[in-house]
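Text of query_13.cif, listed as mmCIF, C-alpha atoms:
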```cif
data_run
#
loop_
_atom_site.label_atom_id
_atom_site.label_comp_id
_atom_site.auth_asym_id
_atom_site.auth_seq_id
_atom_site.Cartn_x
_atom_site.Cartn_y
_atom_site.Cartn_z
CA MET A 1 0.00 0.00 0.00
CA SER A 2 2.72 2.44 0.96
CA ASP A 3 4.73 1.36 -2.11
CA PHE A 4 1.76 2.18 -4.31
CA LEU A 5 1.45 5.63 -2.72
CA ILE A 6 5.18 6.30 -3.15
CA ALA A 7 5.00 5.25 -6.81
CA ILE A 8 2.05 7.57 -7.53
CA ILE A 9 3.50 10.60 -5.73
CA SER A 10 7.01 10.27 -7.17
CA THR A 11 5.64 9.74 -10.69
CA THR A 12 3.57 12.90 -10.41
CA GLY A 13 6.58 14.83 -9.12
CA ALA A 14 8.82 13.56 -11.91
CA LEU A 15 6.22 14.51 -14.53
CA PHE A 16 5.96 18.02 -13.04
CA ILE A 17 9.74 18.43 -13.24
CA LEU A 18 9.74 17.13 -16.83
CA LEU A 19 7.00 19.66 -17.72
CA ALA A 20 9.03 22.45 -16.13
CA SER A 21 12.10 21.63 -18.18
CA ILE A 22 10.08 21.18 -21.39
CA GLY A 23 8.62 24.63 -20.68
CA LEU A 24 12.14 26.01 -20.24
CA PHE A 25 13.06 24.39 -23.57
CA ARG A 26 10.02 25.47 -25.62
CA MET A 27 8.84 28.84 -24.29
CA PRO A 28 9.65 31.79 -26.59
CA ASP A 29 10.52 34.41 -24.00
CA PHE A 30 12.53 34.80 -20.79
CA TYR A 31 9.55 35.97 -18.74
CA LEU A 32 7.39 33.01 -19.81
CA ARG A 33 10.28 30.67 -19.01
CA VAL A 34 10.72 32.07 -15.53
CA SER A 35 7.01 31.77 -14.80
CA VAL A 36 6.95 28.12 -15.95
CA THR A 37 10.06 26.85 -14.19
CA THR A 38 9.57 28.34 -10.76
CA LYS A 39 6.13 26.94 -10.06
CA ALA A 40 6.33 23.53 -11.72
CA GLY A 41 9.89 22.86 -10.52
CA SER A 42 9.23 23.51 -6.84
CA MET A 43 5.97 21.52 -7.02
CA GLY A 44 7.76 18.50 -8.52
CA VAL A 45 10.63 18.48 -6.05
CA GLY A 46 8.17 18.93 -3.18
CA LEU A 47 6.22 15.85 -4.29
CA ILE A 48 9.41 13.75 -4.59
CA LEU A 49 10.48 14.86 -1.09
CA ILE A 50 7.05 13.86 0.28
CA ALA A 51 7.54 10.44 -1.37
CA SER A 52 10.90 10.04 0.40
CA ALA A 53 9.32 11.04 3.72
CA ILE A 54 6.67 8.33 3.26
CA TYR A 55 9.32 5.75 2.28
CA PHE A 56 11.59 6.25 5.30
CA TRP A 57 8.68 6.90 7.70
CA ASP A 58 10.93 8.34 10.38
CA PHE A 59 10.44 11.52 12.39
CA GLY A 60 13.88 13.00 11.72
CA ILE A 61 13.73 12.40 7.97
CA THR A 62 10.19 13.72 7.66
CA THR A 63 11.29 16.90 9.44
CA ARG A 64 14.26 17.22 7.11
CA ALA A 65 12.10 16.75 4.00
CA LEU A 66 9.54 19.29 5.27
CA ALA A 67 12.37 21.76 5.99
CA ILE A 68 13.65 21.42 2.41
CA ILE A 69 10.10 21.90 1.02
CA PHE A 70 9.57 24.97 3.23
CA PHE A 71 12.89 26.43 2.14
CA LEU A 72 12.16 25.84 -1.56
CA LEU A 73 8.67 27.36 -1.25
CA ILE A 74 10.12 30.46 0.39
CA THR A 75 13.13 31.04 -1.86
CA ALA A 76 11.75 30.15 -5.32
CA PRO A 77 9.34 33.14 -5.64
CA VAL A 78 11.95 35.55 -4.24
CA SER A 79 14.63 34.50 -6.72
CA ALA A 80 12.12 34.51 -9.61
CA HIS A 81 11.01 38.03 -8.71
CA LEU A 82 14.61 39.27 -8.49
CA LEU A 83 15.48 37.66 -11.82
CA GLY A 84 12.44 39.11 -13.57
CA ARG A 85 13.16 42.59 -12.24
CA VAL A 86 16.82 42.48 -13.24
CA ALA A 87 15.93 41.10 -16.67
CA TYR A 88 13.49 43.98 -17.21
CA LEU A 89 16.16 46.46 -16.09
CA CYS A 90 18.70 44.92 -18.50
CA LYS A 91 16.10 45.19 -21.31
CA VAL A 92 15.83 41.50 -22.10
CA ARG A 93 13.62 41.36 -25.18
CA LEU A 94 9.95 40.51 -24.84
CA TRP A 95 8.29 38.05 -27.20
CA GLU A 96 7.24 39.79 -30.43
CA LYS A 97 3.63 38.63 -29.96
CA THR A 98 3.36 40.21 -26.49
CA ILE A 99 0.20 42.31 -26.39
CA SER A 100 0.91 44.76 -23.57
CA ASP A 101 3.86 45.83 -21.41
CA ASP A 102 2.46 47.52 -18.32
CA LEU A 103 5.85 48.72 -17.07
CA GLU A 104 6.80 50.48 -20.31
CA GLY A 105 8.31 53.91 -19.52
CA LYS A 106 7.50 53.61 -15.82
CA TYR A 107 10.87 52.28 -14.66
CA ASP A 108 13.56 54.82 -13.84
CA ARG A 109 16.59 52.73 -14.82
CA LYS A 110 19.12 55.03 -13.15
CA LYS A 111 17.55 55.24 -9.70
CA LEU A 112 15.76 51.85 -9.82
CA HIS A 113 12.58 53.66 -8.95
CA LEU A 114 9.13 52.69 -10.18
CA ARG A 115 6.82 55.55 -11.09
CA GLY A 116 3.08 55.10 -11.05
CA ILE A 117 2.73 56.84 -14.40
CA SER A 118 4.87 56.80 -17.54
CA GLU A 119 6.61 59.87 -19.01
CA LYS A 120 4.44 59.88 -22.13
CA GLU A 121 1.22 59.75 -20.12
CA SER A 122 2.30 62.58 -17.81
CA GLU A 123 3.23 64.74 -20.83
CA GLU A 124 -0.12 64.05 -22.43
CA LYS A 125 -1.93 64.93 -19.25
CA SER A 126 -0.08 68.23 -18.70
CA GLY A 127 -0.58 69.15 -22.39
CA PHE A 128 -4.29 68.47 -22.05
CA SER A 129 -4.61 70.68 -18.96
CA GLN A 130 -2.74 73.51 -20.73
CA GLY A 131 -5.08 73.20 -23.70
CA GLU A 132 -8.04 73.76 -21.45
CA MET B 133 8.38 -5.24 -9.24
CA ASP B 134 9.41 -3.58 -6.02
CA ILE B 135 9.54 0.13 -5.45
CA GLU B 136 13.33 0.52 -5.68
CA GLN B 137 13.37 -1.00 -9.17
CA TYR B 138 10.49 1.21 -10.27
CA LEU B 139 12.27 4.32 -8.99
CA THR B 140 15.54 3.34 -10.70
CA PHE B 141 14.11 2.40 -14.09
CA GLY B 142 10.97 4.57 -14.17
CA ILE B 143 11.64 7.86 -12.40
CA LEU B 144 15.38 8.43 -12.87
CA PRO B 145 15.24 8.37 -16.72
CA VAL B 146 12.45 10.98 -16.66
CA LEU B 147 14.54 13.21 -14.41
CA ALA B 148 17.58 12.66 -16.66
CA LEU B 149 15.52 13.78 -19.66
CA ALA B 150 14.51 16.91 -17.73
CA LEU B 151 18.20 17.53 -17.01
CA VAL B 152 18.99 17.33 -20.74
CA PHE B 153 16.33 19.93 -21.64
CA ALA B 154 17.55 22.30 -18.92
CA LEU B 155 21.17 21.80 -20.02
CA TYR B 156 20.22 22.73 -23.59
CA ARG B 157 18.81 26.05 -22.36
CA PHE B 158 21.86 26.55 -20.14
CA ILE B 159 24.23 26.21 -23.11
CA LYS B 160 22.10 27.88 -25.80
CA GLY B 161 20.23 30.50 -23.74
CA PRO B 162 20.20 33.83 -25.62
CA SER B 163 20.61 36.03 -22.55
CA VAL B 164 22.33 35.80 -19.17
CA PRO B 165 19.07 35.63 -17.11
CA ASP B 166 18.03 32.63 -19.25
CA ARG B 167 21.18 30.85 -18.17
CA ILE B 168 20.63 31.75 -14.53
CA ILE B 169 17.12 30.33 -14.55
CA ALA B 170 18.41 27.20 -16.35
CA LEU B 171 21.07 26.78 -13.64
CA ASP B 172 18.36 27.13 -11.00
CA LEU B 173 16.30 24.40 -12.65
CA LEU B 174 19.39 22.18 -13.06
CA ILE B 175 20.02 22.37 -9.31
CA THR B 176 16.33 21.74 -8.56
CA VAL B 177 16.29 18.62 -10.76
CA SER B 178 19.53 17.39 -9.19
CA ILE B 179 17.93 17.74 -5.75
CA GLY B 180 15.15 15.47 -7.02
CA ILE B 181 17.68 12.96 -8.35
CA MET B 182 19.51 12.96 -5.02
CA VAL B 183 16.29 12.26 -3.12
CA ILE B 184 15.42 9.34 -5.44
CA TYR B 185 18.96 8.03 -5.07
CA SER B 186 18.73 8.26 -1.28
CA ILE B 187 15.57 6.10 -1.44
CA THR B 188 17.12 3.43 -3.68
CA THR B 189 20.31 3.16 -1.62
CA HIS B 190 18.62 3.55 1.83
CA GLN B 191 21.00 6.40 2.68
CA SER B 192 18.92 9.12 4.32
CA THR B 193 22.06 11.25 4.86
CA LEU B 194 21.84 12.40 1.23
CA LEU B 195 18.84 14.56 2.18
CA ASP B 196 21.19 16.85 4.15
CA ILE B 197 23.23 17.42 1.02
CA ALA B 198 20.03 18.20 -0.88
CA MET B 199 19.23 20.86 1.73
CA VAL B 200 22.67 22.45 1.42
CA LEU B 201 22.34 22.43 -2.37
CA ALA B 202 18.98 24.22 -2.18
CA LEU B 203 20.61 26.91 -0.03
CA ILE B 204 23.52 27.30 -2.44
CA ALA B 205 21.14 27.57 -5.42
CA PHE B 206 19.28 30.45 -3.76
CA LEU B 207 22.50 32.25 -2.83
CA GLY B 208 23.87 31.75 -6.34
CA THR B 209 20.77 33.25 -7.97
CA LEU B 210 20.87 36.14 -5.52
CA SER B 211 24.51 36.96 -6.24
CA PHE B 212 24.07 36.65 -10.01
CA THR B 213 21.14 39.08 -9.97
CA PHE B 214 23.12 41.49 -7.77
CA TYR B 215 26.01 41.35 -10.24
CA LEU B 216 23.72 42.00 -13.22
CA LYS B 217 22.07 44.92 -11.43
CA GLN B 218 25.41 46.54 -10.57
CA LYS B 219 26.62 46.11 -14.18
CA ASN B 220 23.41 47.71 -15.43
CA LEU B 221 23.82 50.65 -13.02
CA GLU B 222 27.42 51.24 -14.12
CA LYS B 223 26.32 51.25 -17.76
CA HIS B 224 23.80 54.02 -17.09
CA GLU B 225 26.21 56.28 -15.21
#
```
Translate this structure into structure tokens?
Amino acid sequence: MSDFLIAIISTTGALFILLASIGLFRMPDFYLRVSVTTKAGSMGVGLILIASAIYFWDFGITTRALAIIFFLLITAPVSAHLLGRVAYLCKVRLWEKTISDDLEGKYDRKKLHLRGISEKESEEKSGFSQGE
Amino acid sequence: MDIEQYLTFGILPVLALALVFALYRFIKGPSVPDRIIALDLLITVSIGIMVIYSITTHQSTLLDIAMVLALIAFLGTLSFTFYLKQKNLEKHE
């Protein structure tokens, strides 16, 4: 019974990791790649760690596996956010079929400061108020 | 078929295939952040391989190494992004 459970959980985890790496291989854009790998990768490794905790069925090992899962769940979003921000600052190209870029013109690349409104929009607004 | 055999001949090849795809992106990757994210996934997959290996060989000590590797992966990503940010700042000055 426990063997069956281990087989199911570890197979699901391995398939999640395979999907993450196929996503890294196939996706057209850095930002899509980062969004695929982070989630699917940490999910797959978490499932494999749960399988090992069930296999050993020991308090110390279960604690260790849970600590690794907790650590992965905390650090993966932080590193993905940092990477995405730095990639946007370094002007990594977006996919040519991207419909909208919400941060366009709003990032001050010298001071690393995010404005709420882009330069073009603020110029348009001030021009409109002068016209009135 | 017992569970160790299934893990060796069923799960490990799938993880090895995942490693190959991530390695392709690590070598080919058009930009530096692509390579960093590929390195991150390589380390994540190798943590999975280590855990499977610790099950098949009954060595639970390997889980400690997996924990250390997860820590090193996070620190590596952090330092790479810091380096890229500083380079970007110097370029704009």
Nearest-residue call for B:Lys217, choices B:Ile175, B:Val164, B:Ile204, B:Val152, using only C-alpha atoms: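 Between B:Ile175, B:Val164, B:Ile204, B:Val152, the residue approaching B:Lys217 most closely is B:Val164.
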message: Starting from the PyMOL selection byres ((chain B) within 9 of (chain A)), expand the selection into actual residues of this file and give them as a ChimeraX atom specification.
response: /B:134-135,138-139,142-144,146-147,149-154,156-157,163-166,168-170,172-174,176-177,179-180,183-184,186-187,190,192-193,195-196,198-199,202-203,206,209-210,212-214,216-217,220-221,224-225
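The residue that comes closest to A:Ile54, out of A:Ile8, A:Leu94, A:Val36, A:Met27 and on the basis of all atoms listed in the file, is A:Ile8.
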Return the padded bounding box of stretch 181-192 of chain B as AutoDock Vina command-line options: axis-aligned, built from all atoms listed in the file, 3 Å added on each side, with centre and edge lengths in Å to one decimal.
```
--center_x 18.2 --center_y 8.1 --center_z -2.0 --size_x 11.6 --size_y 15.8 --size_z 18.7
```
- request: Rounded to one decimal place, report the atom CA of A:Asp101-atom CA of A:Ile74 distance in Å.
  value: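 One can read the atom CA of A:Asp101 to atom CA of A:Ile74 distance as 27.4 Å.
Of the residues listed (B:Lys223, B:Lys160, B:Gln137, B:Leu171), B:Leu171 shows the shortest atom-to-atom separation from B:Ala205; distances use all atoms listed in the file.
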field: Computed interatomic separation between atom CA of A:Leu5 and atom CA of B:Met133 (Å)
entry: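 Here the two named atoms are 14.4 Å from each other.
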- request: Go ahead and compute the interatomic distance for atom CA of B:Phe141 and atom CA of B:Thr188, in Å to one decimal.
  value: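 These atoms are spaced 10.9 Å apart.
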Since the input is missing atoms, can you rebuild N, CA and C atoms for stretch 6-42 of chain A and write them as an mmCIF file, keeping the file's coordinate frame?
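Ended up saving to result.cif:
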```
data_model
loop_
_atom_site.group_PDB
_atom_site.id
_atom_site.type_symbol
_atom_site.label_atom_id
_atom_site.label_comp_id
_atom_site.auth_asym_id
_atom_site.auth_seq_id
_atom_site.Cartn_x
_atom_site.Cartn_y
_atom_site.Cartn_z
ATOM 1 N N ILE A 6 3.888 5.715 -2.776
ATOM 2 C CA ILE A 6 5.180 6.300 -3.150
ATOM 3 C C ILE A 6 5.306 6.359 -4.662
ATOM 4 N N ALA A 7 4.886 5.277 -5.343
ATOM 5 C CA ALA A 7 5.000 5.250 -6.810
ATOM 6 C C ALA A 7 4.168 6.359 -7.425
ATOM 7 N N ILE A 8 2.923 6.538 -6.952
ATOM 8 C CA ILE A 8 2.050 7.570 -7.530
ATOM 9 C C ILE A 8 2.636 8.958 -7.295
ATOM 10 N N ILE A 9 3.041 9.240 -6.045
ATOM 11 C CA ILE A 9 3.500 10.600 -5.730
ATOM 12 C C ILE A 9 4.788 10.920 -6.467
ATOM 13 N N SER A 10 5.729 9.950 -6.502
ATOM 14 C CA SER A 10 7.010 10.270 -7.170
ATOM 15 C C SER A 10 6.830 10.379 -8.677
ATOM 16 N N THR A 11 5.892 9.597 -9.258
ATOM 17 C CA THR A 11 5.640 9.740 -10.690
ATOM 18 C C THR A 11 5.075 11.121 -11.010
ATOM 19 N N THR A 12 4.119 11.572 -10.184
ATOM 20 C CA THR A 12 3.570 12.900 -10.410
ATOM 21 C C THR A 12 4.641 13.976 -10.306
ATOM 22 N N GLY A 13 5.510 13.845 -9.289
ATOM 23 C CA GLY A 13 6.580 14.830 -9.120
ATOM 24 C C GLY A 13 7.529 14.835 -10.297
ATOM 25 N N ALA A 14 7.893 13.630 -10.786
ATOM 26 C CA ALA A 14 8.820 13.560 -11.910
ATOM 27 C C ALA A 14 8.194 14.167 -13.155
ATOM 28 N N LEU A 15 6.878 13.935 -13.358
ATOM 29 C CA LEU A 15 6.220 14.510 -14.530
ATOM 30 C C LEU A 15 6.171 16.037 -14.435
ATOM 31 N N PHE A 16 5.964 16.557 -13.210
ATOM 32 C CA PHE A 16 5.960 18.020 -13.040
ATOM 33 C C PHE A 16 7.332 18.599 -13.384
ATOM 34 N N ILE A 17 8.401 17.917 -12.930
ATOM 35 C CA ILE A 17 9.740 18.430 -13.240
ATOM 36 C C ILE A 17 10.007 18.354 -14.734
ATOM 37 N N LEU A 18 9.553 17.262 -15.372
ATOM 38 C CA LEU A 18 9.740 17.130 -16.830
ATOM 39 C C LEU A 18 8.990 18.253 -17.551
ATOM 40 N N LEU A 19 7.769 18.568 -17.096
ATOM 41 C CA LEU A 19 7.000 19.660 -17.720
ATOM 42 C C LEU A 19 7.713 20.984 -17.544
ATOM 43 N N ALA A 20 8.310 21.196 -16.354
ATOM 44 C CA ALA A 20 9.030 22.450 -16.130
ATOM 45 C C ALA A 20 10.188 22.582 -17.099
ATOM 46 N N SER A 21 10.936 21.492 -17.306
ATOM 47 C CA SER A 21 12.100 21.630 -18.180
ATOM 48 C C SER A 21 11.691 21.687 -19.643
ATOM 49 N N ILE A 22 10.568 21.029 -20.015
ATOM 50 C CA ILE A 22 10.080 21.180 -21.390
ATOM 51 C C ILE A 22 9.621 22.629 -21.614
ATOM 52 N N GLY A 23 9.008 23.223 -20.577
ATOM 53 C CA GLY A 23 8.620 24.630 -20.680
ATOM 54 C C GLY A 23 9.833 25.515 -20.840
ATOM 55 N N LEU A 24 10.903 25.218 -20.097
ATOM 56 C CA LEU A 24 12.140 26.010 -20.240
ATOM 57 C C LEU A 24 12.708 25.855 -21.646
ATOM 58 N N PHE A 25 12.516 24.672 -22.240
ATOM 59 C CA PHE A 25 13.060 24.390 -23.570
ATOM 60 C C PHE A 25 12.227 25.077 -24.657
ATOM 61 N N ARG A 26 10.905 25.096 -24.512
ATOM 62 C CA ARG A 26 10.020 25.470 -25.620
ATOM 63 C C ARG A 26 9.536 26.907 -25.579
ATOM 64 N N MET A 27 9.476 27.530 -24.384
ATOM 65 C CA MET A 27 8.840 28.840 -24.290
ATOM 66 C C MET A 27 9.645 29.898 -25.053
ATOM 67 N N PRO A 28 8.965 30.861 -25.682
ATOM 68 C CA PRO A 28 9.650 31.790 -26.590
ATOM 69 C C PRO A 28 10.369 32.943 -25.907
ATOM 70 N N ASP A 29 10.183 33.133 -24.605
ATOM 71 C CA ASP A 29 10.520 34.410 -24.000
ATOM 72 C C ASP A 29 11.081 34.153 -22.599
ATOM 73 N N PHE A 30 11.974 35.015 -22.120
ATOM 74 C CA PHE A 30 12.530 34.800 -20.790
ATOM 75 C C PHE A 30 11.462 34.844 -19.702
ATOM 76 N N TYR A 31 10.530 35.784 -19.822
ATOM 77 C CA TYR A 31 9.550 35.970 -18.740
ATOM 78 C C TYR A 31 8.593 34.787 -18.651
ATOM 79 N N LEU A 32 8.224 34.218 -19.829
ATOM 80 C CA LEU A 32 7.390 33.010 -19.810
ATOM 81 C C LEU A 32 8.163 31.847 -19.222
ATOM 82 N N ARG A 33 9.468 31.759 -19.551
ATOM 83 C CA ARG A 33 10.280 30.670 -19.010
ATOM 84 C C ARG A 33 10.358 30.737 -17.497
ATOM 85 N N VAL A 34 10.577 31.952 -16.977
ATOM 86 C CA VAL A 34 10.720 32.070 -15.530
ATOM 87 C C VAL A 34 9.412 31.719 -14.831
ATOM 88 N N SER A 35 8.282 32.072 -15.464
ATOM 89 C CA SER A 35 7.010 31.770 -14.800
ATOM 90 C C SER A 35 6.724 30.278 -14.838
ATOM 91 N N VAL A 36 7.188 29.567 -15.882
ATOM 92 C CA VAL A 36 6.950 28.120 -15.950
ATOM 93 C C VAL A 36 7.815 27.373 -14.941
ATOM 94 N N THR A 37 9.124 27.666 -14.967
ATOM 95 C CA THR A 37 10.060 26.850 -14.190
ATOM 96 C C THR A 37 9.853 26.948 -12.701
ATOM 97 N N THR A 38 9.622 28.164 -12.200
ATOM 98 C CA THR A 38 9.570 28.340 -10.760
ATOM 99 C C THR A 38 8.474 27.487 -10.136
ATOM 100 N N LYS A 39 7.261 27.627 -10.685
ATOM 101 C CA LYS A 39 6.130 26.940 -10.060
ATOM 102 C C LYS A 39 6.214 25.440 -10.222
ATOM 103 N N ALA A 40 6.361 24.977 -11.485
ATOM 104 C CA ALA A 40 6.330 23.530 -11.720
ATOM 105 C C ALA A 40 7.526 22.841 -11.080
ATOM 106 N N GLY A 41 8.703 23.479 -11.106
ATOM 107 C CA GLY A 41 9.890 22.860 -10.520
ATOM 108 C C GLY A 41 9.760 22.651 -9.022
ATOM 109 N N SER A 42 9.315 23.689 -8.298
ATOM 110 C CA SER A 42 9.230 23.510 -6.840
ATOM 111 C C SER A 42 8.119 22.535 -6.467
#
```
